[in-house]
Amino acid sequence: MKDKIVIITGANSGIGKAAALKFATEGYRVIMACRNMEMSRAAQKEITEVSNHTHVDLMELDVSSFDSIRTFCSAFKAKYPRLDILIHNAAYLSHGEKEYKLSPEHIELTFATNTFGPFLMTRLLADHLEKSQDPRILHACTTNIKHFFDPKRKIDFDNLRGEFRDTRPYSVYKMYGDSKMALLMLTFKMAQEFKSQGIKVNALQINRVKLSKETIKKMRSFWKVLAWAQNLTNPLPSGMADSYFHICTSDEFKNVTGQLINHKREIVQPSPNETGIAQLKNIFGSGSYPSYATDAQNVEKIWKLSTTLTEG
Ligand SMILES: NC(=O)c1ccc[n+]([C@@H]2O[C@H](COP(=O)([O-])OP(=O)(O)OC[C@H]3O[C@@H](n4cnc5c(N)ncnc54)[C@H](OP(=O)(O)O)[C@@H]3O)[C@@H](O)[C@H]2O)c1
């Protein structure tokens, strides 16, 4: 276990940073894949000191940019013999943002960061994961996907490349929920695709944790106040980081693949019924996910789009 190699994206704050500390403390070789190098160097130093562990590497990565992902993956492969664990933790959610933004490759920024970027990165690292004896991938998902229990809720597949950016209303929260639903659908499909290579792919349904001061600093004043207020009752990120660690290392999850796992580390089930009282249970509980996630047409659509957009 001592020389197992783990990549954690967005490991400079919040759950990602707490996870980097947990893996380092347990003796894993940790690669923090981060965008803001100045801030990340400080986090790397802190994690190295607190964990008393020397192998905490920092490598530059902007998950919203395909060029950056390609550069990162080449550099990683040149430096490390294989990859054991890949945690797609980084995400874009700019509270209160009203503007539809595009990534360097002209893809809506939330989807580029939360869905297509992780897809490309996994594709490029799959051969290195195959070299591990127990390769595992974890996607950071969210309870926000429960909005898909509303039968009218759909991913706006036709507006992910700026097609209606000036004419359609933009909601950063809808885009965030849509991008995480798409990531969940990719989890299910990837698990099937990678089965023969022994690569396990799961998603964690994160409910709520305290937001980091770094993240709050980026917010506008109204959202700052709201975030501080919510932080009074929200649990610390370390609990969720422990779940990252457990799902990616324990014997309990060794053979688990293609699953959504909730904050209680239970497997979330497809909902058998999305009407009446059963629907209330779906919405307020954490035991089931919307049938939208496994609809064959939806899954095929997001899979094809991910493949097409990241080709080349
Ligand atoms: N906190 C919650 O209550 C909650 C609830 C549900 C789900 N989640 C999920 O849990 C994960 C971690 O959330 P958190 O609350 O710990 O968030 P956080 O503290 O805001 O951390 C997000 C990390 O992602 C990084 N990031 C964003 N865009 C990036 C990009 N283009 N390239 C590389 N890194 C990028 C950020 O780096 P920069 O510093 O460079 O911006 C930061 O390190 C996310 O996937 C989030 O969606 C969190």
# chains A, B, ... in the order shown; residues from 1 in each chain; ligands from 1
$ residues_around --residues "Glu193 in chain A" --least-positions-apart "3" --cutoff "12 Å" --atoms "only C-alpha atoms" --output "list in words"
Thr122, Arg123, Ala126, Leu186, Thr187, Phe188, Lys189, Met190, Ser196, Gln197, Gly198, Ile199, Lys200, Val201, Thr257, Gly258 and Trp303 of chain A
$ write_last_selection --atoms "all heavy atoms" --output "short mmCIF file (atom, residue, chain, number, x, y, z; two decimals), in the first residue's frame"
data_model
loop_
_atom_site.label_atom_id
_atom_site.label_comp_id
_atom_site.auth_asym_id
_atom_site.auth_seq_id
_atom_site.Cartn_x
_atom_site.Cartn_y
_atom_site.Cartn_z
N THR A 122 -9.78 10.69 -17.70
CA THR A 122 -9.89 9.25 -17.46
C THR A 122 -9.46 8.47 -18.69
O THR A 122 -8.71 7.49 -18.60
CB THR A 122 -11.34 8.88 -17.07
OG1 THR A 122 -11.63 9.49 -15.83
CG2 THR A 122 -11.53 7.37 -16.97
N ARG A 123 -9.95 8.92 -19.85
CA ARG A 123 -9.59 8.23 -21.11
C ARG A 123 -8.08 8.20 -21.30
O ARG A 123 -7.49 7.18 -21.64
CB ARG A 123 -10.24 8.98 -22.27
CG ARG A 123 -11.22 8.16 -23.06
CD ARG A 123 -11.64 8.86 -24.32
NE ARG A 123 -10.49 9.27 -25.13
CZ ARG A 123 -10.55 10.15 -26.13
NH1 ARG A 123 -11.70 10.72 -26.43
NH2 ARG A 123 -9.49 10.47 -26.82
N ALA A 126 -6.35 5.86 -18.66
CA ALA A 126 -6.85 4.48 -18.51
C ALA A 126 -5.72 3.44 -18.64
O ALA A 126 -5.68 2.47 -17.88
CB ALA A 126 -7.94 4.21 -19.54
N LEU A 186 -22.13 9.03 -16.86
CA LEU A 186 -20.84 8.54 -17.37
C LEU A 186 -20.24 7.50 -16.42
O LEU A 186 -19.57 6.56 -16.86
CB LEU A 186 -19.85 9.70 -17.54
CG LEU A 186 -20.15 10.71 -18.65
CD1 LEU A 186 -19.09 11.81 -18.68
CD2 LEU A 186 -20.21 10.03 -20.03
N THR A 187 -20.50 7.66 -15.12
CA THR A 187 -20.02 6.69 -14.14
C THR A 187 -20.55 5.29 -14.47
O THR A 187 -19.80 4.31 -14.50
CB THR A 187 -20.49 7.07 -12.70
OG1 THR A 187 -20.13 8.41 -12.44
CG2 THR A 187 -19.92 6.15 -11.65
N PHE A 188 -21.88 5.24 -14.72
CA PHE A 188 -22.51 3.95 -15.00
C PHE A 188 -21.94 3.32 -16.29
O PHE A 188 -21.61 2.14 -16.33
CB PHE A 188 -24.04 4.12 -15.13
CG PHE A 188 -24.72 4.59 -13.86
CD1 PHE A 188 -25.81 5.45 -13.90
CD2 PHE A 188 -24.27 4.17 -12.62
CE1 PHE A 188 -26.43 5.88 -12.73
CE2 PHE A 188 -24.89 4.59 -11.43
CZ PHE A 188 -25.97 5.45 -11.50
N LYS A 189 -21.83 4.17 -17.30
CA LYS A 189 -21.38 3.66 -18.61
C LYS A 189 -19.88 3.28 -18.57
O LYS A 189 -19.48 2.24 -19.10
CB LYS A 189 -21.66 4.74 -19.66
CG LYS A 189 -21.16 4.43 -21.04
CD LYS A 189 -22.11 3.55 -21.83
CE LYS A 189 -21.63 3.43 -23.27
NZ LYS A 189 -22.34 2.40 -24.00
N MET A 190 -19.08 4.13 -17.92
CA MET A 190 -17.64 3.86 -17.83
C MET A 190 -17.36 2.56 -17.10
O MET A 190 -16.47 1.81 -17.46
CB MET A 190 -16.96 4.98 -17.03
CG MET A 190 -16.19 5.95 -17.85
SD MET A 190 -15.48 7.15 -16.72
CE MET A 190 -15.40 8.53 -17.83
N SER A 196 -13.67 -5.05 -18.24
CA SER A 196 -12.68 -6.05 -18.67
C SER A 196 -11.25 -5.65 -18.31
O SER A 196 -10.38 -6.48 -18.19
CB SER A 196 -12.79 -6.26 -20.18
OG SER A 196 -12.56 -5.04 -20.83
N GLN A 197 -11.03 -4.34 -18.09
CA GLN A 197 -9.69 -3.89 -17.69
C GLN A 197 -9.53 -3.88 -16.16
O GLN A 197 -8.48 -3.53 -15.65
CB GLN A 197 -9.43 -2.48 -18.22
CG GLN A 197 -9.18 -2.42 -19.71
CD GLN A 197 -9.92 -1.27 -20.34
OE1 GLN A 197 -11.12 -1.35 -20.61
NE2 GLN A 197 -9.23 -0.18 -20.59
N GLY A 198 -10.60 -4.21 -15.45
CA GLY A 198 -10.53 -4.28 -13.98
C GLY A 198 -10.59 -2.92 -13.30
O GLY A 198 -10.34 -2.80 -12.10
N ILE A 199 -10.93 -1.87 -14.07
CA ILE A 199 -10.98 -0.52 -13.47
C ILE A 199 -12.38 -0.28 -12.91
O ILE A 199 -13.37 -0.38 -13.63
CB ILE A 199 -10.64 0.57 -14.51
CG1 ILE A 199 -9.27 0.30 -15.15
CG2 ILE A 199 -10.69 1.96 -13.88
CD1 ILE A 199 -8.92 1.21 -16.33
N LYS A 200 -12.43 0.02 -11.61
CA LYS A 200 -13.72 0.26 -10.97
C LYS A 200 -14.04 1.75 -10.99
O LYS A 200 -13.16 2.58 -10.74
CB LYS A 200 -13.71 -0.24 -9.51
CG LYS A 200 -14.00 -1.71 -9.36
CD LYS A 200 -12.85 -2.67 -9.40
CE LYS A 200 -11.62 -2.32 -8.67
NZ LYS A 200 -10.69 -3.35 -8.30
N VAL A 201 -15.29 2.09 -11.28
CA VAL A 201 -15.69 3.50 -11.37
C VAL A 201 -16.96 3.72 -10.55
O VAL A 201 -17.99 3.10 -10.82
CB VAL A 201 -16.00 3.92 -12.83
CG1 VAL A 201 -16.11 5.42 -12.96
CG2 VAL A 201 -14.96 3.38 -13.80
N THR A 257 -18.50 -1.53 -8.49
CA THR A 257 -18.30 -0.63 -9.63
C THR A 257 -19.63 -0.23 -10.24
O THR A 257 -20.63 -0.97 -10.13
CB THR A 257 -17.34 -1.25 -10.69
OG1 THR A 257 -17.01 -0.24 -11.65
CG2 THR A 257 -17.95 -2.45 -11.41
N GLY A 258 -19.66 0.98 -10.85
CA GLY A 258 -20.88 1.46 -11.48
C GLY A 258 -21.96 1.81 -10.48
O GLY A 258 -23.15 1.63 -10.76
N TRP A 303 -22.69 10.00 -23.55
CA TRP A 303 -21.48 9.23 -23.89
C TRP A 303 -20.95 9.64 -25.26
O TRP A 303 -19.77 9.90 -25.43
CB TRP A 303 -21.80 7.73 -23.84
CG TRP A 303 -20.58 6.88 -24.02
CD1 TRP A 303 -20.20 6.24 -25.16
CD2 TRP A 303 -19.59 6.59 -23.04
NE1 TRP A 303 -19.02 5.56 -24.95
CE2 TRP A 303 -18.62 5.76 -23.66
CE3 TRP A 303 -19.41 6.94 -21.71
CZ2 TRP A 303 -17.49 5.27 -22.99
CZ3 TRP A 303 -18.29 6.47 -21.03
CH2 TRP A 303 -17.35 5.66 -21.67
#
$ residues_near_ligand --ligand "ligand 1" --cutoff "6 Å" --atoms "only C-alpha atoms and all ligand atoms" --output "PyMOL selection string"
chain A and resi 10-16+34-36+61-64+89-92+113+140-142+206-212+215
$ write_last_selection --atoms "N, CA and C atoms" --output "PDB file, in the first residue's frame"
ATOM      1  N   GLY A  10      -8.218  19.320  -7.884  1.00  0.00           N
ATOM      2  CA  GLY A  10      -8.742  20.371  -6.998  1.00  0.00           C
ATOM      3  C   GLY A  10      -8.413  20.093  -5.543  1.00  0.00           C
ATOM      4  N   ALA A  11      -7.143  19.735  -5.286  1.00  0.00           N
ATOM      5  CA  ALA A  11      -6.754  19.306  -3.929  1.00  0.00           C
ATOM      6  C   ALA A  11      -6.205  20.455  -3.080  1.00  0.00           C
ATOM      7  N   ASN A  12      -6.476  21.693  -3.503  1.00  0.00           N
ATOM      8  CA  ASN A  12      -5.925  22.809  -2.723  1.00  0.00           C
ATOM      9  C   ASN A  12      -6.900  23.409  -1.716  1.00  0.00           C
ATOM     10  N   SER A  13      -8.164  22.940  -1.726  1.00  0.00           N
ATOM     11  CA  SER A  13      -9.104  23.459  -0.721  1.00  0.00           C
ATOM     12  C   SER A  13     -10.213  22.438  -0.482  1.00  0.00           C
ATOM     13  N   GLY A  14     -11.000  22.678   0.553  1.00  0.00           N
ATOM     14  CA  GLY A  14     -12.192  21.888   0.827  1.00  0.00           C
ATOM     15  C   GLY A  14     -11.943  20.388   0.946  1.00  0.00           C
ATOM     16  N   ILE A  15     -12.850  19.610   0.344  1.00  0.00           N
ATOM     17  CA  ILE A  15     -12.786  18.147   0.484  1.00  0.00           C
ATOM     18  C   ILE A  15     -11.521  17.591  -0.171  1.00  0.00           C
ATOM     19  N   GLY A  16     -11.146  18.168  -1.322  1.00  0.00           N
ATOM     20  CA  GLY A  16      -9.953  17.690  -2.036  1.00  0.00           C
ATOM     21  C   GLY A  16      -8.701  17.824  -1.184  1.00  0.00           C
ATOM     22  N   CYS A  34      -3.759  20.594  -9.576  1.00  0.00           N
ATOM     23  CA  CYS A  34      -4.401  21.874  -9.244  1.00  0.00           C
ATOM     24  C   CYS A  34      -4.127  22.966 -10.265  1.00  0.00           C
ATOM     25  N   ARG A  35      -5.003  23.960 -10.248  1.00  0.00           N
ATOM     26  CA  ARG A  35      -4.927  25.047 -11.222  1.00  0.00           C
ATOM     27  C   ARG A  35      -4.155  26.249 -10.678  1.00  0.00           C
ATOM     28  N   ASN A  36      -4.517  26.676  -9.487  1.00  0.00           N
ATOM     29  CA  ASN A  36      -3.914  27.868  -8.899  1.00  0.00           C
ATOM     30  C   ASN A  36      -2.643  27.460  -8.142  1.00  0.00           C
ATOM     31  N   LEU A  61      -2.853  21.615 -13.356  1.00  0.00           N
ATOM     32  CA  LEU A  61      -3.960  21.103 -14.175  1.00  0.00           C
ATOM     33  C   LEU A  61      -5.149  22.053 -14.112  1.00  0.00           C
ATOM     34  N   ASP A  62      -5.622  22.450 -15.279  1.00  0.00           N
ATOM     35  CA  ASP A  62      -6.903  23.155 -15.367  1.00  0.00           C
ATOM     36  C   ASP A  62      -7.874  22.173 -16.014  1.00  0.00           C
ATOM     37  N   VAL A  63      -8.798  21.624 -15.217  1.00  0.00           N
ATOM     38  CA  VAL A  63      -9.688  20.565 -15.737  1.00  0.00           C
ATOM     39  C   VAL A  63     -10.661  21.077 -16.790  1.00  0.00           C
ATOM     40  N   SER A  64     -10.806  22.389 -16.887  1.00  0.00           N
ATOM     41  CA  SER A  64     -11.741  22.912 -17.889  1.00  0.00           C
ATOM     42  C   SER A  64     -11.086  23.023 -19.268  1.00  0.00           C
ATOM     43  N   ASN A  89     -12.348  15.357  -8.152  1.00  0.00           N
ATOM     44  CA  ASN A  89     -12.965  16.156  -7.091  1.00  0.00           C
ATOM     45  C   ASN A  89     -13.243  17.601  -7.520  1.00  0.00           C
ATOM     46  N   ALA A  90     -12.386  18.156  -8.383  1.00  0.00           N
ATOM     47  CA  ALA A  90     -12.523  19.566  -8.771  1.00  0.00           C
ATOM     48  C   ALA A  90     -13.866  19.814  -9.438  1.00  0.00           C
ATOM     49  N   ALA A  91     -14.433  20.985  -9.182  1.00  0.00           N
ATOM     50  CA  ALA A  91     -15.706  21.318  -9.835  1.00  0.00           C
ATOM     51  C   ALA A  91     -15.857  22.818  -9.944  1.00  0.00           C
ATOM     52  N   TYR A  92     -16.664  23.222 -10.923  1.00  0.00           N
ATOM     53  CA  TYR A  92     -16.996  24.641 -11.089  1.00  0.00           C
ATOM     54  C   TYR A  92     -18.415  24.888 -10.621  1.00  0.00           C
ATOM     55  N   THR A 113     -15.667  21.599 -17.026  1.00  0.00           N
ATOM     56  CA  THR A 113     -14.924  21.305 -15.790  1.00  0.00           C
ATOM     57  C   THR A 113     -15.434  20.038 -15.091  1.00  0.00           C
ATOM     58  N   ALA A 140     -16.881  12.944  -7.811  1.00  0.00           N
ATOM     59  CA  ALA A 140     -17.603  13.697  -6.766  1.00  0.00           C
ATOM     60  C   ALA A 140     -18.942  14.152  -7.343  1.00  0.00           C
ATOM     61  N   CYS A 141     -20.008  13.523  -6.863  1.00  0.00           N
ATOM     62  CA  CYS A 141     -21.354  13.879  -7.331  1.00  0.00           C
ATOM     63  C   CYS A 141     -22.058  14.697  -6.230  1.00  0.00           C
ATOM     64  N   THR A 142     -23.329  14.917  -6.356  1.00  0.00           N
ATOM     65  CA  THR A 142     -24.030  15.789  -5.398  1.00  0.00           C
ATOM     66  C   THR A 142     -25.501  15.423  -5.275  1.00  0.00           C
ATOM     67  N   ILE A 206     -22.437  13.610  -2.554  1.00  0.00           N
ATOM     68  CA  ILE A 206     -22.051  14.484  -1.439  1.00  0.00           C
ATOM     69  C   ILE A 206     -23.255  15.355  -1.096  1.00  0.00           C
ATOM     70  N   ASN A 207     -23.608  15.399   0.189  1.00  0.00           N
ATOM     71  CA  ASN A 207     -24.781  16.218   0.525  1.00  0.00           C
ATOM     72  C   ASN A 207     -24.372  17.647   0.867  1.00  0.00           C
ATOM     73  N   ARG A 208     -23.680  17.865   1.924  1.00  0.00           N
ATOM     74  CA  ARG A 208     -23.250  19.233   2.244  1.00  0.00           C
ATOM     75  C   ARG A 208     -22.091  19.145   3.221  1.00  0.00           C
ATOM     76  N   VAL A 209     -21.126  20.001   3.016  1.00  0.00           N
ATOM     77  CA  VAL A 209     -20.035  20.139   3.987  1.00  0.00           C
ATOM     78  C   VAL A 209     -19.696  21.628   4.071  1.00  0.00           C
ATOM     79  N   LYS A 210     -18.960  21.981   5.088  1.00  0.00           N
ATOM     80  CA  LYS A 210     -18.529  23.377   5.236  1.00  0.00           C
ATOM     81  C   LYS A 210     -17.741  23.790   4.002  1.00  0.00           C
ATOM     82  N   LEU A 211     -18.014  24.990   3.497  1.00  0.00           N
ATOM     83  CA  LEU A 211     -17.226  25.495   2.370  1.00  0.00           C
ATOM     84  C   LEU A 211     -15.919  26.061   2.912  1.00  0.00           C
ATOM     85  N   SER A 212     -14.861  25.895   2.145  1.00  0.00           N
ATOM     86  CA  SER A 212     -13.548  26.368   2.593  1.00  0.00           C
ATOM     87  C   SER A 212     -13.488  27.894   2.524  1.00  0.00           C
ATOM     88  N   THR A 215     -12.816  29.178  -0.923  1.00  0.00           N
ATOM     89  CA  THR A 215     -13.977  29.217  -1.814  1.00  0.00           C
ATOM     90  C   THR A 215     -14.878  30.394  -1.460  1.00  0.00           C
TER      91      THR A 215
END
$ select_by_dssp --residues "range 32-275 of chain A" --states "alpha helix (DSSP H)" --output "compact mmCIF listing (two decimals) with C-alpha atoms, in the first residue's frame"
# COMPACT_ATOMS: atom_id res chain seq x y z
CA MET A 37 -0.27 27.01 -8.27
CA GLU A 38 0.49 29.75 -5.77
CA MET A 39 -2.35 28.77 -3.46
CA SER A 40 -1.69 25.09 -4.07
CA ARG A 41 1.98 25.33 -3.08
CA ALA A 42 0.89 26.60 0.33
CA ALA A 43 -1.60 23.70 0.63
CA GLN A 44 1.08 21.21 -0.47
CA LYS A 45 3.49 22.54 2.19
CA GLU A 46 0.82 22.33 4.88
CA ILE A 47 -0.18 18.76 3.91
CA THR A 48 3.47 17.64 3.80
CA GLU A 49 4.14 19.11 7.24
CA VAL A 50 0.96 17.89 8.94
CA SER A 51 1.14 14.38 7.47
CA PHE A 66 -8.43 19.96 -22.82
CA ASP A 67 -4.94 21.23 -23.67
CA SER A 68 -4.06 21.45 -19.99
CA ILE A 69 -5.43 17.93 -19.39
CA ARG A 70 -3.31 16.53 -22.23
CA THR A 71 -0.20 18.26 -20.92
CA PHE A 72 -0.88 17.06 -17.37
CA CYS A 73 -1.48 13.44 -18.44
CA SER A 74 1.71 13.31 -20.54
CA ALA A 75 3.76 14.77 -17.68
CA PHE A 76 2.19 12.38 -15.17
CA LYS A 77 2.86 9.33 -17.36
CA ALA A 78 6.48 10.38 -17.89
CA LYS A 79 6.97 10.70 -14.14
CA LEU A 109 -17.59 26.07 -18.46
CA THR A 110 -19.51 23.98 -15.89
CA PHE A 111 -19.75 21.02 -18.26
CA GLY A 117 -12.72 17.33 -18.56
CA PRO A 118 -12.90 14.36 -16.17
CA PHE A 119 -14.04 12.13 -19.07
CA LEU A 120 -11.00 13.09 -21.18
CA MET A 121 -8.62 12.75 -18.25
CA THR A 122 -9.89 9.25 -17.46
CA ARG A 123 -9.59 8.23 -21.11
CA LEU A 124 -5.99 9.45 -21.27
CA LEU A 125 -5.02 7.79 -17.98
CA ALA A 126 -6.85 4.48 -18.51
CA ASP A 127 -3.72 2.65 -19.76
CA HIS A 128 -1.82 3.76 -16.65
CA LEU A 129 -4.72 2.68 -14.41
CA VAL A 172 -25.52 28.34 -12.71
CA TYR A 173 -27.29 25.92 -10.35
CA LYS A 174 -29.18 24.14 -13.12
CA MET A 175 -26.00 23.86 -15.17
CA TYR A 176 -24.16 22.51 -12.10
CA GLY A 177 -26.87 19.89 -11.40
CA ASP A 178 -27.01 18.94 -15.08
CA SER A 179 -23.23 18.54 -15.28
CA LYS A 180 -23.19 16.30 -12.20
CA MET A 181 -26.11 14.23 -13.54
CA ALA A 182 -24.10 13.80 -16.74
CA LEU A 183 -21.09 12.74 -14.65
CA LEU A 184 -23.25 10.15 -12.88
CA MET A 185 -24.46 8.77 -16.22
CA LEU A 186 -20.84 8.54 -17.37
CA THR A 187 -20.02 6.69 -14.14
CA PHE A 188 -22.51 3.95 -15.00
CA LYS A 189 -21.38 3.66 -18.61
CA MET A 190 -17.64 3.86 -17.83
CA ALA A 191 -17.95 1.09 -15.26
CA GLN A 192 -19.30 -1.21 -18.01
CA GLU A 193 -16.69 -0.09 -20.54
CA LYS A 213 -12.49 29.94 3.33
CA GLU A 214 -10.69 29.96 -0.04
CA THR A 215 -13.98 29.22 -1.81
CA ILE A 216 -15.94 31.74 0.24
CA LYS A 217 -13.32 34.40 -0.54
CA SER A 221 -20.93 39.62 -0.51
CA PHE A 222 -24.50 38.22 -0.32
CA TRP A 223 -23.29 34.69 -1.02
CA LYS A 224 -20.42 35.11 1.46
CA VAL A 225 -22.88 35.84 4.29
CA LEU A 226 -25.06 32.88 3.29
CA ALA A 227 -22.04 30.57 3.12
CA TRP A 228 -20.77 31.62 6.55
CA ALA A 229 -24.28 31.08 8.00
CA GLN A 230 -24.54 27.60 6.45
CA ASN A 231 -21.07 26.75 7.65
CA PRO A 237 -14.90 18.30 4.78
CA SER A 238 -12.74 15.71 6.54
CA GLY A 239 -15.74 13.36 6.95
CA MET A 240 -16.33 13.31 3.20
CA ALA A 241 -12.57 12.97 2.61
CA ASP A 242 -12.64 9.85 4.80
CA SER A 243 -15.38 8.50 2.52
CA TYR A 244 -13.21 9.20 -0.56
CA PHE A 245 -10.45 7.21 1.16
CA HIS A 246 -12.74 4.35 2.22
CA ILE A 247 -14.36 3.94 -1.19
CA CYS A 248 -10.98 4.03 -2.97
CA THR A 249 -9.02 1.73 -0.64
$ closest_residue --among "A:Gly276, A:Arg161, A:His55, A:Phe253" --to "Pro104 in chain A" --atoms "only C-alpha atoms"
A:Arg161
$ select_by_dssp --residues "range 73-177 of chain A" --states "strand (DSSP E)" --output "PyMOL selection string"
chain A and resi 85-88+136-142
$ closest_residue --among "A:Asn282, A:Ser271, A:Asn202, A:Thr115" --to "Val256 in chain A" --atoms "only C-alpha atoms"
A:Asn202
$ closest_residue --among "A:Asp166, A:Glu97, A:Asp156, A:Glu252" --to "Ile302 in chain A" --atoms "only C-alpha atoms"
A:Asp156
$ atom_distance --atom1 "CA of Ile107 in chain A" --atom2 "CA of His88 in chain A"
18.7 Å
$ residues_around --residues "Phe148 in chain A" --least-positions-apart "2" --cutoff "10 Å" --atoms "only C-alpha atoms" --output "list in words"
Asn144, Ile145, Lys146, Asp150, Pro151, Lys152, Arg153, Lys154, Ile155, Gly177, Asp178, Met181, Ile283, Tyr289, Pro290, Ser291, Tyr292 and Ala293 of chain A
$ closest_residue --among "A:Ala296, A:Asp84, A:Val30, A:Tyr100" --to "Leu58 in chain A" --atoms "only C-alpha atoms"
A:Val30
$ atom_distance --atom1 "CA of Lys281 in chain A" --atom2 "CA of Asn234 in chain A"
22.2 Å
$ atom_distance --atom1 "CA of Lys304 in chain A" --atom2 "CA of Glu60 in chain A"
28.2 Å
$ decode --residues "range 285-291 of chain A" --atoms "all heavy atoms" --output "short mmCIF file (atom, residue, chain, number, x, y, z; two decimals), in the first residue's frame"
data_model
loop_
_atom_site.label_atom_id
_atom_site.label_comp_id
_atom_site.auth_asym_id
_atom_site.auth_seq_id
_atom_site.Cartn_x
_atom_site.Cartn_y
_atom_site.Cartn_z
N GLY A 285 -35.02 11.72 1.04
CA GLY A 285 -34.08 10.69 1.50
C GLY A 285 -32.78 10.75 0.72
O GLY A 285 -32.55 11.64 -0.09
N SER A 286 -31.92 9.77 0.99
CA SER A 286 -30.66 9.72 0.23
C SER A 286 -30.43 8.33 -0.34
O SER A 286 -29.32 7.96 -0.68
CB SER A 286 -29.49 10.11 1.15
OG SER A 286 -29.49 9.26 2.28
N GLY A 287 -31.53 7.55 -0.42
CA GLY A 287 -31.39 6.15 -0.81
C GLY A 287 -31.66 5.84 -2.27
O GLY A 287 -31.41 4.73 -2.73
N SER A 288 -32.18 6.83 -3.03
CA SER A 288 -32.50 6.51 -4.42
C SER A 288 -32.12 7.67 -5.35
O SER A 288 -32.06 8.83 -4.94
CB SER A 288 -33.99 6.20 -4.58
OG SER A 288 -34.74 7.25 -4.03
N TYR A 289 -31.86 7.32 -6.61
CA TYR A 289 -31.54 8.35 -7.60
C TYR A 289 -32.57 8.31 -8.73
O TYR A 289 -33.22 7.28 -8.95
CB TYR A 289 -30.11 8.21 -8.13
CG TYR A 289 -29.80 6.91 -8.84
CD1 TYR A 289 -30.22 6.66 -10.14
CD2 TYR A 289 -29.07 5.91 -8.19
CE1 TYR A 289 -29.93 5.47 -10.78
CE2 TYR A 289 -28.77 4.70 -8.81
CZ TYR A 289 -29.21 4.49 -10.11
OH TYR A 289 -28.92 3.31 -10.74
N PRO A 290 -32.73 9.44 -9.45
CA PRO A 290 -33.77 9.52 -10.49
C PRO A 290 -33.54 8.55 -11.65
O PRO A 290 -32.38 8.32 -12.05
CB PRO A 290 -33.67 10.97 -10.99
CG PRO A 290 -32.91 11.70 -9.95
CD PRO A 290 -32.00 10.72 -9.29
N SER A 291 -34.62 8.06 -12.23
CA SER A 291 -34.50 7.10 -13.35
C SER A 291 -33.87 7.76 -14.58
O SER A 291 -33.38 7.08 -15.47
CB SER A 291 -35.86 6.51 -13.69
OG SER A 291 -36.77 7.56 -13.93
#
